[in-house]
file start_4.txt (compact mmCIF, C-alpha atoms)
# COMPACT_ATOMS: atom_id res chain seq x y z
CA MET A 37 -19.37 21.03 -6.47
CA ALA A 38 -16.41 21.74 -8.72
CA LYS A 39 -13.60 19.20 -8.77
CA PRO A 40 -10.70 20.40 -6.56
CA ARG A 41 -7.44 21.35 -8.32
CA ILE A 42 -5.59 18.62 -6.45
CA TYR A 43 -7.18 15.41 -5.24
CA THR A 44 -6.01 12.26 -3.45
CA THR A 45 -7.45 8.78 -3.73
CA THR A 46 -6.62 5.12 -3.07
CA ALA A 47 -6.32 3.17 -6.31
CA LEU A 48 -5.02 0.02 -8.00
CA VAL A 49 -2.67 0.38 -10.96
CA LEU A 50 -4.42 -1.28 -13.92
CA LYS A 51 -2.26 -0.36 -16.87
CA TYR A 52 0.53 1.92 -17.99
CA ARG A 53 1.91 3.11 -21.28
CA ASN A 54 5.39 4.54 -21.62
CA TYR A 55 5.53 7.94 -23.24
CA GLY A 56 8.42 10.08 -24.41
CA GLU A 57 11.86 9.64 -22.86
CA ALA A 58 10.97 8.86 -19.26
CA ASP A 59 7.24 9.54 -18.79
CA ARG A 60 4.32 7.21 -18.40
CA PHE A 61 0.52 7.34 -18.71
CA VAL A 62 -1.07 5.32 -15.92
CA THR A 63 -4.61 3.93 -15.75
CA LEU A 64 -5.86 3.39 -12.21
CA LEU A 65 -9.01 2.09 -10.58
CA SER A 66 -10.14 4.08 -7.57
CA ARG A 67 -12.89 2.82 -5.27
CA ASN A 68 -14.78 6.12 -5.18
CA LEU A 69 -13.65 7.80 -8.43
CA GLY A 70 -13.67 4.81 -10.82
CA GLN A 71 -11.18 4.58 -13.67
CA LEU A 72 -8.59 7.38 -13.70
CA GLN A 73 -5.86 8.43 -16.11
CA GLY A 74 -2.70 10.00 -14.76
CA PHE A 75 0.43 11.37 -16.38
CA ALA A 76 3.58 10.50 -14.40
CA LYS A 77 6.46 12.73 -15.48
CA GLY A 78 9.98 11.26 -15.38
CA VAL A 79 8.79 8.12 -13.60
CA ARG A 80 11.14 5.87 -15.59
CA ARG A 81 14.28 7.69 -14.44
CA SER A 82 16.05 5.74 -11.72
CA THR A 83 16.34 8.82 -9.51
CA SER A 84 12.73 9.99 -9.83
CA LYS A 85 10.78 10.07 -6.56
CA LEU A 86 8.00 8.16 -8.33
CA THR A 87 10.26 5.33 -9.63
CA GLY A 88 8.96 1.90 -8.69
CA HIS A 89 5.79 3.35 -7.18
CA LEU A 90 3.44 2.92 -10.14
CA GLU A 91 3.89 -0.71 -11.18
CA LEU A 92 1.04 -3.05 -12.13
CA PHE A 93 -0.92 -4.70 -9.28
CA TYR A 94 0.20 -2.03 -6.77
CA LYS A 95 -2.33 -0.47 -4.43
CA VAL A 96 -1.36 3.18 -3.98
CA ARG A 97 -2.45 6.38 -2.29
CA ILE A 98 -2.07 8.80 -5.16
CA THR A 99 -2.34 12.57 -5.48
CA LEU A 100 -3.16 14.07 -8.86
CA ALA A 101 -3.28 17.66 -10.05
CA VAL A 102 -6.00 18.45 -12.57
CA GLY A 103 -4.38 19.04 -15.95
CA ARG A 104 -5.71 20.46 -19.20
CA ASN A 105 -5.96 17.08 -20.90
CA THR A 106 -4.75 14.49 -18.41
CA ASP A 107 -4.31 14.82 -14.64
CA VAL A 108 -0.68 14.88 -13.48
CA VAL A 109 0.61 12.55 -10.78
CA THR A 110 2.27 14.60 -8.05
CA GLU A 111 2.69 12.15 -5.18
CA VAL A 112 2.42 8.40 -4.67
CA GLN A 113 2.54 6.32 -1.53
CA ILE A 114 2.59 2.53 -1.88
CA LEU A 115 -0.01 0.76 0.28
CA LYS A 116 0.54 -2.78 -0.99
CA THR A 117 2.99 -4.24 -3.54
CA LEU A 118 1.84 -7.87 -3.93
CA GLY A 119 5.41 -8.82 -4.81
CA LYS A 120 4.81 -12.57 -4.75
CA ILE A 121 2.50 -12.40 -7.78
CA ASN A 122 5.51 -11.40 -9.88
CA ASN A 123 7.56 -14.39 -8.74
CA ASN A 124 5.49 -16.95 -10.58
CA LEU A 125 4.48 -17.00 -14.23
CA ASP A 126 1.08 -18.62 -13.59
CA THR A 127 -0.02 -16.15 -10.90
CA MET A 128 1.34 -13.23 -12.91
CA SER A 129 -0.49 -14.14 -16.10
CA CYS A 130 -3.70 -14.80 -14.13
CA ALA A 131 -3.34 -11.40 -12.42
CA LEU A 132 -2.83 -9.74 -15.83
CA THR A 133 -6.01 -11.38 -17.14
CA ILE A 134 -8.14 -10.24 -14.20
CA MET A 135 -6.67 -6.71 -14.39
CA GLU A 136 -7.57 -6.55 -18.07
CA LEU A 137 -11.13 -7.64 -17.34
CA ALA A 138 -11.41 -4.92 -14.68
CA LEU A 139 -10.03 -2.45 -17.21
CA ASN A 140 -12.66 -3.45 -19.79
CA ILE A 141 -15.59 -3.47 -17.37
CA SER A 142 -14.95 -0.55 -14.99
CA THR A 143 -15.95 2.97 -15.92
CA GLU A 144 -15.00 6.53 -15.01
CA GLY A 145 -16.72 8.07 -12.00
CA PRO A 146 -18.55 6.47 -9.05
CA GLY A 147 -20.27 3.09 -9.21
CA ASN A 148 -17.17 0.89 -9.42
CA GLU A 149 -16.92 0.02 -5.72
CA ASN A 150 -17.80 -3.65 -6.17
CA ILE A 151 -15.40 -4.12 -9.09
CA TYR A 152 -12.64 -2.47 -7.04
CA ASP A 153 -13.33 -4.63 -3.96
CA LEU A 154 -13.44 -7.83 -6.02
CA LEU A 155 -10.19 -6.99 -7.82
CA ASP A 156 -8.47 -6.04 -4.58
CA GLN A 157 -9.63 -9.23 -2.87
CA THR A 158 -8.66 -11.53 -5.76
CA LEU A 159 -5.21 -9.95 -6.16
CA ASN A 160 -4.58 -10.34 -2.42
CA ARG A 161 -5.54 -14.01 -2.56
CA LEU A 162 -3.37 -14.59 -5.65
CA ASN A 163 -0.46 -13.11 -3.73
CA ILE A 164 -0.72 -15.61 -0.89
CA THR A 165 -2.36 -18.65 -2.44
CA ASP A 166 -0.83 -21.86 -3.69
CA GLU A 167 -0.05 -22.12 -7.41
CA SER A 168 -2.66 -24.89 -7.82
CA ASN A 169 -5.49 -22.49 -6.87
CA VAL A 170 -4.83 -20.01 -9.69
CA ASP A 171 -7.45 -21.45 -12.08
CA LYS A 172 -10.12 -21.56 -9.36
CA LEU A 173 -9.43 -17.95 -8.41
CA LEU A 174 -9.75 -16.92 -12.05
CA THR A 175 -13.12 -18.70 -12.28
CA TYR A 176 -14.24 -17.06 -8.99
CA TYR A 177 -13.25 -13.63 -10.28
CA GLN A 178 -14.86 -14.09 -13.70
CA LEU A 179 -18.17 -15.32 -12.28
CA ASN A 180 -18.30 -12.48 -9.75
CA ILE A 181 -17.35 -9.72 -12.17
CA LEU A 182 -20.07 -10.98 -14.54
CA PHE A 183 -22.53 -10.92 -11.62
CA ILE A 184 -21.53 -7.35 -10.66
CA SER A 185 -21.98 -6.13 -14.22
CA GLY A 186 -25.36 -7.90 -14.52
CA LEU A 187 -24.14 -10.35 -17.13
CA SER A 188 -24.11 -13.60 -15.14
CA PRO A 189 -24.59 -16.73 -17.23
CA GLU A 190 -27.75 -18.70 -16.34
CA PHE A 191 -26.94 -22.14 -14.91
CA LYS A 192 -30.16 -22.94 -13.04
CA GLU A 193 -32.94 -22.59 -15.60
CA CYS A 194 -33.19 -23.05 -19.35
CA VAL A 195 -32.80 -19.62 -20.98
CA GLU A 196 -35.38 -20.55 -23.64
CA CYS A 197 -38.29 -22.17 -21.74
CA GLY A 198 -37.45 -21.23 -18.13
CA SER A 199 -37.76 -24.79 -16.84
CA VAL A 200 -35.57 -25.81 -13.90
CA LEU A 201 -32.62 -27.86 -15.18
CA LYS A 202 -32.32 -31.54 -14.29
CA GLN A 203 -29.10 -33.01 -12.90
CA GLN A 204 -27.57 -34.11 -16.20
CA ASP A 205 -25.09 -32.94 -18.84
CA GLN A 206 -26.35 -29.81 -20.59
CA LEU A 207 -25.62 -27.50 -23.54
CA TYR A 208 -24.49 -23.90 -23.18
CA SER A 209 -24.98 -21.07 -25.66
CA ALA A 210 -23.00 -17.81 -25.37
CA PRO A 211 -25.43 -15.66 -27.45
CA ALA A 212 -28.38 -17.00 -25.39
CA GLY A 213 -26.45 -16.25 -22.18
CA GLY A 214 -26.82 -19.62 -20.45
CA ILE A 215 -27.87 -23.25 -20.57
CA ILE A 216 -30.42 -24.52 -23.06
CA CYS A 217 -32.26 -27.65 -21.93
CA PRO A 218 -32.29 -30.83 -24.10
CA LYS A 219 -35.91 -30.14 -25.15
CA CYS A 220 -35.12 -26.67 -26.55
CA ALA A 221 -31.67 -27.55 -27.90
CA PRO A 222 -32.81 -29.18 -31.21
CA LYS A 223 -34.59 -25.92 -32.23
CA GLN A 224 -31.41 -23.88 -31.76
CA THR A 225 -29.47 -22.56 -34.72
CA ARG A 226 -26.83 -20.99 -32.45
CA SER A 227 -23.61 -22.85 -31.61
CA LEU A 228 -23.82 -24.92 -28.43
CA VAL A 229 -21.08 -26.16 -26.13
CA ASN A 230 -21.23 -29.25 -23.90
CA LEU A 231 -21.28 -28.58 -20.19
CA SER A 232 -21.03 -31.61 -17.91
CA VAL A 233 -23.17 -31.95 -14.79
CA ASN A 234 -19.98 -31.74 -12.67
CA ALA A 235 -18.94 -28.49 -14.35
CA ILE A 236 -22.41 -27.01 -13.68
CA LYS A 237 -22.19 -28.02 -10.00
CA VAL A 238 -18.74 -26.41 -9.68
CA LEU A 239 -19.91 -23.22 -11.40
CA ARG A 240 -22.94 -22.96 -9.08
CA PHE A 241 -20.76 -23.60 -6.02
CA ILE A 242 -18.10 -21.03 -6.98
CA GLY A 243 -20.79 -18.47 -7.83
CA ASN A 244 -22.30 -18.76 -4.33
CA SER A 245 -19.17 -19.18 -2.19
CA ASP A 246 -16.53 -17.11 -0.47
CA VAL A 247 -13.06 -17.05 -1.97
CA GLU A 248 -11.67 -19.13 0.94
CA ASP A 249 -14.18 -21.94 0.26
CA VAL A 250 -13.39 -21.82 -3.46
CA GLU A 251 -9.68 -22.38 -2.72
CA GLN A 252 -10.53 -25.50 -0.68
CA LEU A 253 -12.47 -27.01 -3.59
CA SER A 254 -10.91 -29.93 -5.43
CA VAL A 255 -11.75 -29.80 -9.15
CA PRO A 256 -10.54 -32.26 -11.86
CA LYS A 257 -8.51 -30.67 -14.69
CA ASN A 258 -10.99 -31.55 -17.44
CA VAL A 259 -13.78 -29.83 -15.50
CA VAL A 260 -11.62 -26.71 -15.01
CA SER A 261 -10.87 -26.49 -18.74
CA GLN A 262 -14.58 -26.95 -19.60
CA ILE A 263 -15.56 -24.18 -17.16
CA ASN A 264 -12.89 -21.82 -18.47
CA ASP A 265 -13.96 -22.48 -22.05
CA VAL A 266 -17.60 -21.62 -21.26
CA LEU A 267 -16.72 -18.50 -19.24
CA ASN A 268 -14.31 -17.25 -21.92
CA ARG A 269 -17.01 -17.64 -24.57
CA HIS A 270 -19.52 -15.83 -22.35
CA ILE A 271 -17.12 -12.94 -21.64
CA ASP A 272 -16.07 -12.61 -25.29
CA HIS A 273 -19.69 -12.45 -26.40
CA HIS A 274 -21.08 -10.11 -23.73
CA ILE A 275 -18.22 -7.77 -22.82
CA ASP A 276 -16.63 -5.20 -25.10
CA GLY A 277 -12.90 -5.40 -25.71
CA LYS A 278 -10.69 -8.40 -26.30
CA VAL A 279 -9.00 -10.01 -23.27
CA ARG A 280 -5.50 -10.24 -24.73
CA SER A 281 -3.74 -11.61 -21.64
CA ARG A 282 -5.79 -14.78 -21.81
CA ALA A 283 -3.83 -16.02 -24.85
CA PHE A 284 -0.60 -15.69 -22.87
CA LEU A 285 -2.16 -17.49 -19.90
CA LYS A 286 -3.20 -20.32 -22.22
CA GLY A 287 0.18 -20.33 -23.98
CA ILE A 288 2.25 -20.91 -20.86
CA LYS A 289 0.20 -23.89 -19.66
CA MET B 282 -5.69 16.92 -39.97
CA ASN B 283 -4.53 19.99 -41.83
CA LEU B 284 -1.82 21.40 -39.59
CA ASN B 285 -0.88 24.21 -41.88
CA SER B 286 -3.60 25.74 -43.93
CA THR B 287 -1.26 28.13 -45.79
CA ASN B 288 1.16 25.41 -47.02
CA ASN B 289 -0.39 22.23 -48.25
CA GLY B 290 2.58 20.95 -50.25
CA PRO B 291 6.10 19.89 -49.19
CA ILE B 292 5.95 21.42 -45.69
CA GLU B 293 2.78 19.58 -44.82
CA ARG B 294 4.37 16.35 -46.04
CA LEU B 295 7.45 16.99 -43.85
CA VAL B 296 5.24 17.76 -40.83
CA SER B 297 3.28 14.55 -41.28
CA GLU B 298 6.52 12.50 -41.64
CA LEU B 299 8.04 14.06 -38.49
CA HIS B 300 4.78 13.48 -36.62
CA LYS B 301 5.31 9.71 -37.10
CA LEU B 302 8.44 9.79 -34.88
CA PRO B 303 8.04 8.67 -31.25
CA GLY B 304 7.36 11.48 -28.81
CA ILE B 305 6.75 14.04 -31.58
CA GLY B 306 3.32 15.63 -31.40
CA PRO B 307 1.72 17.77 -34.14
CA LYS B 308 3.01 21.06 -32.69
CA THR B 309 6.58 19.80 -32.26
CA ALA B 310 6.46 18.35 -35.78
CA GLN B 311 5.42 21.74 -37.10
CA ARG B 312 8.20 23.52 -35.17
CA LEU B 313 10.83 21.06 -36.43
CA ALA B 314 9.60 21.37 -40.00
CA TYR B 315 9.88 25.18 -39.91
CA TYR B 316 13.34 24.86 -38.35
CA LEU B 317 14.40 22.55 -41.20
CA VAL B 318 13.13 25.09 -43.74
CA ARG B 319 15.44 27.71 -42.25
CA ILE B 320 18.68 25.61 -42.10
CA SER B 321 21.18 25.61 -44.98
CA LYS B 322 20.87 23.18 -47.86
CA ASP B 323 24.11 21.45 -46.78
CA ASP B 324 22.84 20.78 -43.27
CA ALA B 325 19.55 19.47 -44.63
CA SER B 326 21.38 17.17 -47.08
CA GLN B 327 23.62 15.85 -44.30
CA LEU B 328 20.56 14.99 -42.19
CA ALA B 329 18.82 13.29 -45.13
CA ASP B 330 22.06 11.44 -46.00
CA ALA B 331 22.54 10.27 -42.39
CA ILE B 332 19.01 8.84 -42.31
CA HIS B 333 19.53 7.21 -45.70
CA THR B 334 22.91 5.70 -44.69
CA VAL B 335 21.49 4.28 -41.47
CA LYS B 336 18.73 2.54 -43.38
CA GLU B 337 21.15 1.24 -46.03
CA LYS B 338 24.05 0.06 -43.87
CA ILE B 339 22.64 -0.83 -40.47
CA ASP B 340 21.37 -4.35 -39.97
CA PHE B 341 20.75 -6.78 -37.13
CA CYS B 342 23.62 -9.00 -35.96
CA SER B 343 22.75 -12.58 -36.94
CA GLU B 344 23.90 -13.86 -33.54
CA CYS B 345 22.83 -11.39 -30.88
CA PHE B 346 20.35 -9.25 -32.88
CA ASP B 347 22.00 -6.01 -31.84
CA ILE B 348 21.95 -3.17 -34.36
CA THR B 349 25.23 -3.27 -36.26
CA GLU B 350 27.09 -2.11 -39.35
CA ASN B 351 29.00 -5.41 -39.69
CA ASN B 352 27.54 -8.85 -39.34
CA PRO B 353 28.37 -10.36 -36.85
CA CYS B 354 28.67 -7.32 -34.61
CA SER B 355 31.96 -6.27 -33.01
CA ILE B 356 31.04 -7.89 -29.68
CA CYS B 357 30.08 -11.27 -31.19
CA ALA B 358 33.16 -11.22 -33.50
CA SER B 359 35.63 -10.33 -30.73
CA ASP B 360 37.94 -13.04 -29.33
CA ASN B 361 38.30 -11.16 -26.06
CA ARG B 362 34.68 -11.72 -25.15
CA ASP B 363 33.58 -14.53 -22.86
CA LYS B 364 31.27 -16.57 -25.09
CA THR B 365 30.09 -18.74 -22.23
CA ARG B 366 28.04 -15.87 -20.80
CA ILE B 367 25.02 -14.31 -22.49
CA CYS B 368 23.32 -11.23 -21.13
CA VAL B 369 19.71 -11.09 -22.36
CA VAL B 370 18.39 -7.54 -22.78
CA GLU B 371 15.16 -6.01 -24.10
CA GLU B 372 16.55 -3.34 -26.43
CA PRO B 373 19.87 -2.54 -28.22
CA LEU B 374 20.14 0.60 -26.05
CA ASP B 375 20.39 -1.65 -22.98
CA ILE B 376 23.64 -3.07 -24.41
CA ARG B 377 25.07 0.46 -24.61
CA ALA B 378 24.09 1.02 -20.95
CA VAL B 379 25.78 -2.23 -19.77
CA GLU B 380 28.85 -1.60 -21.97
CA LYS B 381 29.32 1.82 -20.35
CA THR B 382 29.90 0.11 -17.01
CA ARG B 383 32.92 -1.81 -18.43
CA SER B 384 32.24 -4.52 -15.88
CA TYR B 385 30.86 -7.18 -18.23
CA ILE B 386 32.95 -9.05 -20.80
CA GLY B 387 30.42 -11.63 -21.98
CA THR B 388 28.13 -11.52 -25.03
CA TYR B 389 24.54 -10.29 -25.40
CA HIS B 390 21.20 -11.28 -26.84
CA VAL B 391 18.62 -8.63 -27.74
CA LEU B 392 14.97 -9.67 -27.50
CA HIS B 393 13.61 -6.50 -29.14
CA GLY B 394 10.84 -6.03 -26.60
CA ALA B 395 9.28 -7.67 -23.57
CA ILE B 396 6.23 -9.87 -23.13
CA SER B 397 3.25 -7.57 -22.64
CA PRO B 398 0.00 -9.50 -23.05
CA MET B 399 -2.16 -6.38 -22.56
CA ASN B 400 -0.42 -4.74 -25.53
CA ASP B 401 -0.60 -7.87 -27.68
CA VAL B 402 3.13 -8.62 -27.44
CA GLY B 403 3.60 -12.33 -26.88
CA PRO B 404 6.69 -14.58 -26.72
CA ASP B 405 6.49 -15.22 -30.50
CA ASP B 406 7.06 -11.52 -31.17
CA LEU B 407 10.45 -11.63 -29.43
CA ARG B 408 13.78 -13.24 -30.40
CA ILE B 409 13.43 -16.00 -27.82
CA ASP B 410 13.65 -18.87 -30.35
CA ALA B 411 16.96 -17.48 -31.59
CA LEU B 412 18.26 -17.54 -27.99
CA LEU B 413 17.31 -21.20 -27.64
CA LYS B 414 19.08 -21.98 -30.94
CA ARG B 415 22.22 -20.25 -29.64
CA MET B 416 21.98 -22.27 -26.46
CA LYS B 417 21.99 -25.51 -28.46
CA LEU B 418 25.00 -24.45 -30.57
CA LEU B 419 27.21 -22.87 -27.92
CA GLU B 420 28.53 -24.13 -24.61
CA VAL B 421 26.90 -21.53 -22.42
CA GLU B 422 27.55 -21.53 -18.68
CA GLU B 423 25.52 -18.54 -17.56
CA ILE B 424 22.52 -16.60 -18.80
CA ILE B 425 22.02 -13.17 -17.24
CA ILE B 426 18.42 -12.08 -17.78
CA ALA B 427 18.74 -8.30 -17.68
CA THR B 428 15.18 -7.39 -18.64
CA ASN B 429 13.66 -4.31 -17.02
CA PRO B 430 12.53 -4.72 -13.40
CA ASN B 431 8.83 -4.16 -14.17
CA VAL B 432 5.94 -6.57 -14.75
CA GLU B 433 6.70 -7.04 -18.47
CA GLY B 434 10.39 -7.59 -17.76
CA GLU B 435 9.63 -10.04 -14.95
CA ALA B 436 7.14 -11.95 -17.14
CA THR B 437 9.77 -12.21 -19.88
CA ALA B 438 12.44 -13.33 -17.41
CA LEU B 439 10.18 -16.00 -15.87
CA TYR B 440 9.15 -17.23 -19.31
CA ILE B 441 12.78 -17.51 -20.48
CA GLN B 442 13.74 -19.19 -17.21
CA ARG B 443 11.04 -21.80 -17.79
CA LEU B 444 12.28 -22.47 -21.34
CA LEU B 445 15.92 -22.71 -20.24
CA GLU B 446 15.29 -25.23 -17.46
CA PRO B 447 16.22 -28.27 -19.65
CA PHE B 448 19.62 -26.74 -20.50
CA LYS B 449 20.80 -26.94 -16.88
CA VAL B 450 22.57 -23.61 -17.18
CA LYS B 451 23.17 -21.03 -14.44
CA ILE B 452 20.45 -18.36 -14.74
CA THR B 453 20.96 -15.03 -12.98
CA ARG B 454 19.24 -11.63 -12.73
CA PRO B 455 21.09 -8.36 -12.05
CA ALA B 456 20.89 -7.29 -8.39
CA ARG B 457 18.42 -4.60 -7.37
CA GLY B 458 19.27 -1.75 -5.08
CA LEU B 459 19.36 1.97 -4.47
CA PRO B 460 20.36 4.26 -7.34
CA VAL B 461 23.37 6.56 -6.90
CA GLY B 462 22.10 10.08 -6.24
CA GLY B 463 18.66 8.88 -5.13
CA ASP B 464 17.04 9.57 -1.78
CA LEU B 465 16.41 6.69 0.61
CA GLU B 466 13.06 8.17 1.69
CA TYR B 467 11.75 8.05 -1.87
CA ALA B 468 12.86 4.46 -2.57
CA ASP B 469 9.97 2.07 -3.11
CA GLU B 470 9.41 -0.85 -0.72
CA ILE B 471 10.52 -3.62 -3.07
CA THR B 472 13.78 -1.91 -4.09
CA LEU B 473 14.59 -1.05 -0.49
CA SER B 474 13.84 -4.55 0.78
CA ARG B 475 15.99 -6.11 -1.99
CA ALA B 476 18.74 -3.60 -1.21
CA MET B 477 18.63 -4.59 2.46
CA GLU B 478 18.64 -8.30 1.60
CA GLY B 479 21.65 -7.84 -0.67
CA ARG B 480 23.63 -5.60 1.69
CA GLN B 481 27.39 -6.14 1.82
CA ALA B 482 30.12 -5.77 4.45
CA PHE B 483 31.32 -2.19 4.68
call {"tool": "encode", "arguments": {"input": "start_4.txt", "output": "structure tokens"}}
result
Amino acid sequence: MAKPRIYTTTALVLKYRNYGEADRFVTLLSRNLGQLQGFAKGVRRSTSKLTGHLELFYKVRITLAVGRNTDVVTEVQILKTLGKINNNLDTMSCALTIMELALNISTEGPGNENIYDLLDQTLNRLNITDESNVDKLLTYYQLNILFISGLSPEFKECVECGSVLKQQDQLYSAPAGGIICPKCAPKQTRSLVNLSVNAIKVLRFIGNSDVEDVEQLSVPKNVVSQINDVLNRHIDHHIDGKVRSRAFLKGIK
Amino acid sequence: MNLNSTNNGPIERLVSELHKLPGIGPKTAQRLAYYLVRISKDDASQLADAIHTVKEKIDFCSECFDITENNPCSICASDNRDKTRICVVEEPLDIRAVEKTRSYIGTYHVLHGAISPMNDVGPDDLRIDALLKRMKLLEVEEIIIATNPNVEGEATALYIQRLLEPFKVKITRPARGLPVGGDLEYADEITLSRAMEGRQAF
């Protein structure tokens, strides 16, 4: 069936780029239509009917008219603003990082339902959660988005020999995609990173738990930084596109 | 891309130079180039001279980093300005907008951008260090962070607020409310809620 001339969808605002005097290109993630590009004319003028409706992290009901190159935004209704995210630098930078990951991983067209649901859920939690849970939510999101895209790191078996891992400190390799057991490690020429037994337990727990349980978890700071280091290496190696917001997140800590 | 197959000399060069300007696409660049061909030599020279003069004479103010002909700029050099207040803005054009209101008599500080991690603009790319240096040298009572009310502007404001905490200075943000000439029904939730919170006796 041909695409209708005008269509409406529910979407999250992922990114925007100012254009010309008062216009803006917006990138959105729709549950049923995937990644969308929209051209919002005059949106930066204070008297435009679209002003303040297409900001980052917003969940909107948006109507677009099919254009020759880019579809044109004709109407926007805000469904959720998540205003509290913007009141704190830590939650804001975390939200920017997860949005950027969604931007890099999601695609145009159907098939992005799980990415959309995960992003929506994590943003909602970030909006209401305590500042101390930000790192855990980021880990939860990263592990789940890797799982959805079929790129989960292997933390249960050795990626070389397949043997079940013993409860001890292990070594992780980003190119191998998981943990390499002490027997296989000496044969490796690839760079390996230490992963403590506590960090592995936390990673397994977060990977199998609901977001509410993850928030209840108490994790020491050194374990959090080890987990983040491993996940960042994994994402950088296996996913296209640099996650630029992460440097800012690191810089403000 | 060869925009003009019949002229591959000076016109093509002009088109490609105009195309570099913000908001100028290849077609507009072509139209402007053909317009410039038709204008008189005097008009063309005046335009070229104006561009040349701007590049020769205009510099950044060493104090506030506004674009100026004289260093320091007229606002920083003026004795009538309240030096205990600094209004932090993203771009020089924002100063012109605030000055038009004639309701602010303090000084300014131009950051030349806003933190935008997704576009690779971090705090080191802005003039935040220079603001901190000014804070150490001057006796500042109030910092008005007038960055744009969007995510980049908020991120910049929160970052500056965090850096300014040790100075124990009053930090403010301009109020948010309904624009003159706008319709209430089209106002977004956040603006409307802030406008209601900040309502004043009639």
call {"tool": "interface_residues", "arguments": {"input": "start_4.txt", "of": "chain A", "to": "chain B", "cutoff": "10 Å", "atoms": "all atoms listed in the file", "output": "ChimeraX atom specification"}}
result
/A:51-53,55-57,81-93,112-119,121-126,128-129,132-133,135-136,278-285,287-288
call {"tool": "atom_distance", "arguments": {"input": "start_4.txt", "atom1": "atom CA of Arg60 of chain A", "atom2": "atom CA of Asp347 of chain B"}}
result
25.8 Å
call {"tool": "closest_residue", "arguments": {"input": "start_4.txt", "among": "A:Asp156, A:Glu190, A:Asp276, A:Glu144", "to": "Ala210 of chain A", "atoms": "only C-alpha atoms"}}
result
A:Glu190
call {"tool": "axis_aligned_box", "arguments": {"input": "start_4.txt", "around": "segment 90-97 of chain A", "padding_each_side": "8 Å", "output": "AutoDock Vina command-line options"}}
result
--center_x 0.7 --center_y 0.8 --center_z -7.2 --size_x 22.3 --size_y 27.1 --size_z 25.8
call {"tool": "residues_around", "arguments": {"input": "start_4.txt", "residues": "Gly458 of chain B", "least_positions_apart": "4", "cutoff": "10 Å", "atoms": "only C-alpha atoms", "output": "PyMOL selection string"}}
result
chain B and resi 468+471-480
call {"tool": "residues_around", "arguments": {"input": "start_4.txt", "residues": "Pro146 of chain A", "least_positions_apart": "6", "cutoff": "6 Å", "atoms": "all atoms listed in the file", "output": "list in words"}}
result
Asn68, Leu69 and Gly70 of chain A
call {"tool": "residues_around", "arguments": {"input": "start_4.txt", "residues": "segment 383-392 of chain B", "least_positions_apart": "4", "cutoff": "8 Å", "atoms": "all atoms listed in the file", "output": "count of residues only"}}
result
25
call {"tool": "atom_distance", "arguments": {"input": "start_4.txt", "atom1": "atom CA of Asp107 of chain A", "atom2": "atom CA of Asn140 of chain A"}}
result
20.7 Å
call {"tool": "atom_distance", "arguments": {"input": "start_4.txt", "atom1": "atom CA of Arg226 of chain A", "atom2": "atom CA of Asp171 of chain A"}}
result
28.1 Å
call {"tool": "build_atoms", "arguments": {"input": "start_4.txt", "residues": "segment 414-424 of chain B", "atoms": "N, CA and C atoms", "output": "PDB file, keeping the file's coordinate frame"}}
result
ATOM      1  N   LYS B 414      18.190 -21.409 -29.903  1.00  0.00           N
ATOM      2  CA  LYS B 414      19.080 -21.980 -30.940  1.00  0.00           C
ATOM      3  C   LYS B 414      20.534 -21.761 -30.562  1.00  0.00           C
ATOM      4  N   ARG B 415      20.846 -20.554 -30.073  1.00  0.00           N
ATOM      5  CA  ARG B 415      22.220 -20.250 -29.640  1.00  0.00           C
ATOM      6  C   ARG B 415      22.640 -21.164 -28.506  1.00  0.00           C
ATOM      7  N   MET B 416      21.689 -21.414 -27.609  1.00  0.00           N
ATOM      8  CA  MET B 416      21.980 -22.270 -26.460  1.00  0.00           C
ATOM      9  C   MET B 416      22.375 -23.677 -26.901  1.00  0.00           C
ATOM     10  N   LYS B 417      21.708 -24.146 -27.970  1.00  0.00           N
ATOM     11  CA  LYS B 417      21.990 -25.510 -28.460  1.00  0.00           C
ATOM     12  C   LYS B 417      23.358 -25.565 -29.139  1.00  0.00           C
ATOM     13  N   LEU B 418      23.749 -24.468 -29.809  1.00  0.00           N
ATOM     14  CA  LEU B 418      25.000 -24.450 -30.570  1.00  0.00           C
ATOM     15  C   LEU B 418      26.217 -24.165 -29.708  1.00  0.00           C
ATOM     16  N   LEU B 419      26.060 -23.292 -28.720  1.00  0.00           N
ATOM     17  CA  LEU B 419      27.210 -22.870 -27.920  1.00  0.00           C
ATOM     18  C   LEU B 419      27.242 -23.571 -26.564  1.00  0.00           C
ATOM     19  N   GLU B 420      28.414 -23.579 -25.973  1.00  0.00           N
ATOM     20  CA  GLU B 420      28.530 -24.130 -24.610  1.00  0.00           C
ATOM     21  C   GLU B 420      28.387 -22.978 -23.628  1.00  0.00           C
ATOM     22  N   VAL B 421      27.165 -22.680 -23.284  1.00  0.00           N
ATOM     23  CA  VAL B 421      26.900 -21.530 -22.420  1.00  0.00           C
ATOM     24  C   VAL B 421      26.871 -21.973 -20.955  1.00  0.00           C
ATOM     25  N   GLU B 422      27.528 -21.196 -20.108  1.00  0.00           N
ATOM     26  CA  GLU B 422      27.550 -21.530 -18.680  1.00  0.00           C
ATOM     27  C   GLU B 422      26.570 -20.675 -17.880  1.00  0.00           C
ATOM     28  N   GLU B 423      26.391 -19.439 -18.328  1.00  0.00           N
ATOM     29  CA  GLU B 423      25.520 -18.540 -17.560  1.00  0.00           C
ATOM     30  C   GLU B 423      24.673 -17.651 -18.475  1.00  0.00           C
ATOM     31  N   ILE B 424      23.422 -17.525 -18.102  1.00  0.00           N
ATOM     32  CA  ILE B 424      22.520 -16.600 -18.800  1.00  0.00           C
ATOM     33  C   ILE B 424      22.115 -15.523 -17.788  1.00  0.00           C
TER      34      ILE B 424
END
